[in-house]
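As structure tokens, the structure follows; a few thoughts come after it.
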Amino acid sequence: MEHTSVHTSQFCTFYLDKLLFGVELKGVQEVIRRLEMTKVPLAPAMVSGLINLRGQVVTAVDLRQRLELEPRPADMLSMNVVVRSDDGAVSLLVDEIGDVVEVEEKTFEPPPETLRVSMRAMILGVHKMNDRLLHVLDIEKACQMTDVAEAAAAGR
Amino acid sequence: MGDDEIVKEFLVESYENLDRLDRELVGLEKNPQDRDALGSVFRTIHTIKGTCGFLGFNKLEKVAHVGENLLTRLRDLQLSLNPEITTALLSMVDAVRQMLGSIEESGSEGERDDTKLIGTLTRVQQLPEIAAQPEVASAPKPSIAVSTTPPVGDPPLPLSPPQPTTVLKPEIFLAPEQQKEKEGESPRMTEIQAERGAVSPVEPVDPQRVQQSARAQANASDSTIRVDVGLLDKVMNLVGELVLARNQVLQFANRMKDTSFLAASQRLNLITTELQEGVMKTRMQPIGNIWNQFPRTVRDVALGCGKEVGIEMEGKETELDKTIIEAIKDPLTHLVRNSVDHGIELPEDRVKAGKDRSGRLILRAFHEGGQVNIEITDDGAGLNVERIRKKAIERSLITSEQSARLSEREVFNLIFLPGFSTAEKVTNVSGRGVGMDVVKTNVEKIGGTVDVQSALGRGTTVRVKIPLTLAIIPALVVTCGGDRYAIPQVSLLELVRLKADEVAKGIELVHGAPVYRLRGRLLPLVYLDRELKLAPDKRPESERDKAVNIVVLQADERQFGLVVDQINDTEEIVVKPLRKQLKTVKTFAGSSIMGDGKVALILDVLGLAQRASVVTETRDRALAGKVAEAAATAGDKQTFLLFAGPGDSRMAIPLSTLARLEEFPVAQVEMSGSQWVTQYRGRILPLIRLNVVLEERRNKLRALQAPPAADSGPLPVLVLRHDGRSFGLVVEQILDIVEDRADVKSAATRPSVLYSVVIGERVTELLDIPAILRSADLGSNPGALRTGVAAKVAEAAN
């Protein structure tokens, strides 16, 4: 894990269902307000749609779906955290944007054994902050389809 | 220029030269006397040797050096080319290529041992010589290092006494040590020099000729430059963005009433279109670029399986987008290898079958209907229907029941199934059961199709159809469930609109499966909203358009009607690929950004057809084949567009002359002199009124100058193309599209009519379009420009 090799690391944080998540700042391209989205029929549930990001078509991934959290209430607008994945830019839909935080590596702890298996690959661990835990997300894994979703989509 | 750049330059140049070498060597094998080709081969190797010596690539230099020696002797006719020498030279080319590859990757030639190759190259020089005699002084000037002389026609004459020698280009004569040793006993060196000596000693190299050829080369390099592909791709992307921005501006301009802004945006439109075409052209490459390696491939494969095959190419200059060229290179190579390995028989078998010993492999490429067709034809044994059936059943690809129902053509196409191979012997070339299916998948990946036709004992043709470009395509935009979808124009056949009161009668059910009778044939209907599981239309019943819009599509030789909520327009769209999160969704081929900035999905017509199970049955295809056959035997049926002319007359034009059907509101019609025009797709479309054209001469002028009546409804207009120009023909009413033999003809009763004909049991006048154009005096109207529209829109009406 890269962030253990440096003394401190910076995270772009956001909230999902009141939980605090973070992705490494260097993997984040930009944060933008809600953009008009085109739904993709028959797409896996984690794909909310496609957005036009200055001429580039970017897939929007609903992180609530991806992280198996409660669906976002209909009246809550989402924000786009655009990250750079191996396959180009991907927009992660989140509830609310937090601060950019700098954390020391000594506050990091790997996830507990009791963490749901499907989340193991995606949640690298947590940073123990003063008042709460910062879940560290793996950008690549978050953008990937789960095997289950893939199988379901293929079978449709 | 740094060292790295010199090396890079050297690599690029050498690669190009090597590709040419392959071709020339194979060509030389057939025509060993071609001195031009020999000279060129020699120069290439010589240049590589010289440069790599300078750059310090010793291994490469060594190989090139031995090769050069061999070539020297060939060029000087001391040896004549035979398959063994050709093979040795080709393997030298391969070795050089490998080393260049390794230099490109690691900067060094890599660990390798070329002793064997060098040995072979040296050994073939020792073979009994065939034409080792030098020519006498009277023979035409033999070519020198920079030869551009025509092939020497005179037969070699008996050995003449050595003449005084002149050293012209010393490096040619510096044979390697080992060669000198081995040749010790034979005075070959003298012979080479003797031949040189035959040229007048005072004029060693024709300086003029050297200059000329140097100038020719300089000219070629002056008019072209090398451009980094990455840069081209970037420009291409930018133009794509510009097209989108242009679309947005145009939409905006249409809402504005400001004429100067409108004019500026029209200019922007035209310039963008031209720029787009220009940039597309920079990416176009002749298909010859990949074909050029095929003579070598064919030679190697043929030699490997003991066959004799000649390759012929037609349409080498046919151009394709670079990305497509790259994508089809491997599939085509495979098809070519396959034809030689499986298609063409052994020479003995061919003779037994009464054919030439040597098989023919013909590559053809040509443009047709916005697509590129590539055909690979061999005159070999052809496909054996029964054997394919048996094999497919054996491999459990189909059941014997299914097999019995397949038509011959469908059986042929079984060879594209994964895990199918009919080769009795598995060779290292093909017959491993992977290949044809990979060919099909790769071609389909770029939106193409593969089809195979064959006649037992006479040969096989594989036809590959691919789109010209992938980046920007014309598409029909439709709306369904409130979202827009783009349908690539290549799959589009026609549009049918059923009015609300026709729906109940027009759409019938075959045990629950909806169908529509399109010109007498049942067209299966697919509802886009149901297939895509879109949310049901929430609009109140009264607001909904009760008419049914059917988009008739072609998928893998099957036709089906796609029912959508609304048909918008055709548009040039920039294809943006879908990311991996969506790769499982087979119904979409990509996405695009529309004029208003929103993203629209591009339908994958084949994927949609498969999802809707349109393309799985085999019944209809065979049926369609039969119907087509019946039609063919019944005489040539033509498709006509029927419409009402002035005075309730029934008229028709062949559907093939029609570009589109449009309705223009009267307010959109403007007057340009006495000519009616309208703005159509960013151009000025002249409108010809049929009632004026057919008016008698004395009334014509008055009718001509009449402006459109403000109170009349939208004008039904046939957009036609003639001689590369578009114009609109204003008619009274558009009636129908019919298929008819139309063979009961009688002479025309008035000008502008070709003849009267019975269509659908009623007398119909067939219009003479050139005559109409002449009478409307549009012969030289520059306003009439092309539209480039292929879709035929048919408003089915009573």
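Chains: A, B, ... in order of the structure tokens. Residues: from 1 per chain. Ligands: from 1, in order shown.
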Residue contacts of Asp131 in chain A (12 Å, only C-alpha atoms) excluding same-chain residues fewer than 3 positions away, as an mmCIF file with N, CA and C atoms, in the first residue's frame:
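And here's selection23.cif as it stands now:
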data_model
loop_
_atom_site.group_PDB
_atom_site.id
_atom_site.type_symbol
_atom_site.label_atom_id
_atom_site.label_comp_id
_atom_site.auth_asym_id
_atom_site.auth_seq_id
_atom_site.Cartn_x
_atom_site.Cartn_y
_atom_site.Cartn_z
ATOM 1 N N LEU A 19 -21.354 7.859 6.568
ATOM 2 C CA LEU A 19 -20.013 7.335 6.803
ATOM 3 C C LEU A 19 -19.009 8.222 6.064
ATOM 4 N N LEU A 20 -17.818 8.338 6.626
ATOM 5 C CA LEU A 20 -16.790 9.165 5.995
ATOM 6 C C LEU A 20 -15.859 8.269 5.166
ATOM 7 N N HIS A 127 -8.477 5.176 8.672
ATOM 8 C CA HIS A 127 -7.630 6.059 9.466
ATOM 9 C C HIS A 127 -8.444 6.465 10.678
ATOM 10 N N LYS A 128 -7.839 6.341 11.869
ATOM 11 C CA LYS A 128 -8.563 6.721 13.087
ATOM 12 C C LYS A 128 -8.429 8.223 13.272
ATOM 13 N N LEU A 134 -12.083 7.225 9.024
ATOM 14 C CA LEU A 134 -12.040 7.559 7.601
ATOM 15 C C LEU A 134 -11.790 6.264 6.823
#
| Could you pull out all residues of range 26-141 of chain A with a DSSP call of strand (DSSP E) and give them as a PyMOL selection string? | chain A and resi 28-32+37-38+47-53+56-62+79-85+88-94+96-104+108-109+123-128+133-137
| field | chain A contacts to chain B at 12 Å (only C-alpha atoms) as an MDAnalysis selection string | value | chainID A and resid 35:62 66 85:91 140:147 149:156
Could you turn the residues from that selection into a file that holds C-alpha atoms, as an mmCIF file, in the first residue's frame?
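Result went into result01.cif, see below:
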data_model
loop_
_atom_site.group_PDB
_atom_site.id
_atom_site.type_symbol
_atom_site.label_atom_id
_atom_site.label_comp_id
_atom_site.auth_asym_id
_atom_site.auth_seq_id
_atom_site.Cartn_x
_atom_site.Cartn_y
_atom_site.Cartn_z
ATOM 1 C CA LEU A 35 -24.471 17.056 -13.907
ATOM 2 C CA GLU A 36 -27.240 15.967 -16.196
ATOM 3 C CA MET A 37 -27.081 12.239 -16.498
ATOM 4 C CA THR A 38 -28.203 9.844 -19.213
ATOM 5 C CA LYS A 39 -29.470 6.559 -17.841
ATOM 6 C CA VAL A 40 -28.195 3.376 -19.424
ATOM 7 C CA PRO A 41 -30.965 0.813 -19.705
ATOM 8 C CA LEU A 42 -30.001 -2.751 -18.772
ATOM 9 C CA ALA A 43 -26.789 -1.555 -17.139
ATOM 10 C CA PRO A 44 -25.605 -2.993 -13.831
ATOM 11 C CA ALA A 45 -27.179 -1.254 -10.849
ATOM 12 C CA MET A 46 -23.919 0.383 -9.810
ATOM 13 C CA VAL A 47 -23.841 2.403 -13.039
ATOM 14 C CA SER A 48 -26.072 5.428 -12.573
ATOM 15 C CA GLY A 49 -25.587 6.719 -16.070
ATOM 16 C CA LEU A 50 -23.321 8.670 -18.375
ATOM 17 C CA ILE A 51 -22.350 12.298 -18.009
ATOM 18 C CA ASN A 52 -20.818 14.767 -20.413
ATOM 19 C CA LEU A 53 -17.683 16.071 -18.812
ATOM 20 C CA ARG A 54 -16.470 18.760 -21.202
ATOM 21 C CA GLY A 55 -16.847 16.593 -24.229
ATOM 22 C CA GLN A 56 -15.790 13.339 -22.633
ATOM 23 C CA VAL A 57 -18.386 10.713 -21.855
ATOM 24 C CA VAL A 58 -17.794 9.554 -18.308
ATOM 25 C CA THR A 59 -19.486 6.665 -16.537
ATOM 26 C CA ALA A 60 -21.063 7.595 -13.210
ATOM 27 C CA VAL A 61 -20.797 4.915 -10.536
ATOM 28 C CA ASP A 62 -23.206 5.120 -7.637
ATOM 29 C CA ARG A 66 -21.265 -0.221 -5.071
ATOM 30 C CA SER A 85 -8.914 4.956 -13.227
ATOM 31 C CA ASP A 86 -6.934 2.680 -15.526
ATOM 32 C CA ASP A 87 -9.838 2.836 -17.953
ATOM 33 C CA GLY A 88 -10.085 6.621 -18.042
ATOM 34 C CA ALA A 89 -12.070 9.032 -15.930
ATOM 35 C CA VAL A 90 -14.913 7.671 -13.800
ATOM 36 C CA SER A 91 -17.304 9.744 -11.759
ATOM 37 C CA GLU A 140 -9.615 0.886 -9.139
ATOM 38 C CA LYS A 141 -11.727 -1.579 -7.183
ATOM 39 C CA ALA A 142 -14.462 0.978 -6.634
ATOM 40 C CA CYS A 143 -14.727 1.546 -10.367
ATOM 41 C CA GLN A 144 -14.805 -2.146 -11.178
ATOM 42 C CA MET A 145 -17.915 -4.170 -11.492
ATOM 43 C CA THR A 146 -18.361 -6.884 -8.920
ATOM 44 C CA ASP A 147 -18.368 -10.398 -10.306
ATOM 45 C CA ALA A 149 -23.067 -7.668 -10.943
ATOM 46 C CA GLU A 150 -21.216 -8.738 -14.033
ATOM 47 C CA ALA A 151 -22.762 -12.180 -14.029
ATOM 48 C CA ALA A 152 -26.197 -10.716 -13.463
ATOM 49 C CA ALA A 153 -25.795 -8.228 -16.285
ATOM 50 C CA ALA A 154 -24.507 -10.845 -18.674
ATOM 51 C CA GLY A 155 -27.397 -13.129 -17.850
ATOM 52 C CA ARG A 156 -30.026 -10.542 -18.527
#
| request: Mind the document's chain letters and residue numbers, and return as a ChimeraX atom specification the residues of range 379-618 of chain B that DSSP labels alpha helix (DSSP H). | output: /B:385-394,400-405,408-413,436-445,500-506,528-531,605-611
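Note that the spacing between CA of Thr333 in chain B and CA of Asn413 in chain B amounts to 18.9 Å.
Shortest atom-to-atom contact with Val23 in chain A among A:Val136, A:Met129, A:Leu63, A:Val101: A:Val136, counting only C-alpha atoms.
Distance check against Thr8 in chain A using only C-alpha atoms: of A:Glu30, A:Glu24, A:Asp95, A:Asp138, the minimum falls on A:Glu24.
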| request: For Leu67 in chain A, please output as a list in words all residues within 9 Å (counting only C-alpha atoms; exclusion window: fewer than 6 positions along the same chain). | output: Ser118, Met119, Met122 and Ala142 of chain A
Using only N, CA and C atoms, please write the residues we just selected to a file, as a PDB file, in the first residue's frame.
ATOM      1  N   SER A 118     -17.369  -9.020   0.507  1.00  0.00           N
ATOM      2  CA  SER A 118     -17.449  -8.287  -0.752  1.00  0.00           C
ATOM      3  C   SER A 118     -16.799  -6.915  -0.659  1.00  0.00           C
ATOM      4  N   MET A 119     -16.574  -6.434   0.564  1.00  0.00           N
ATOM      5  CA  MET A 119     -16.005  -5.101   0.738  1.00  0.00           C
ATOM      6  C   MET A 119     -14.496  -5.152   0.948  1.00  0.00           C
ATOM      7  N   MET A 122     -12.221  -3.571  -1.635  1.00  0.00           N
ATOM      8  CA  MET A 122     -12.454  -2.167  -1.919  1.00  0.00           C
ATOM      9  C   MET A 122     -12.037  -1.251  -0.779  1.00  0.00           C
ATOM     10  N   ALA A 142     -13.164   0.311  -6.720  1.00  0.00           N
ATOM     11  CA  ALA A 142     -14.462   0.978  -6.634  1.00  0.00           C
ATOM     12  C   ALA A 142     -15.075   1.164  -8.022  1.00  0.00           C
TER      13      ALA A 142
END
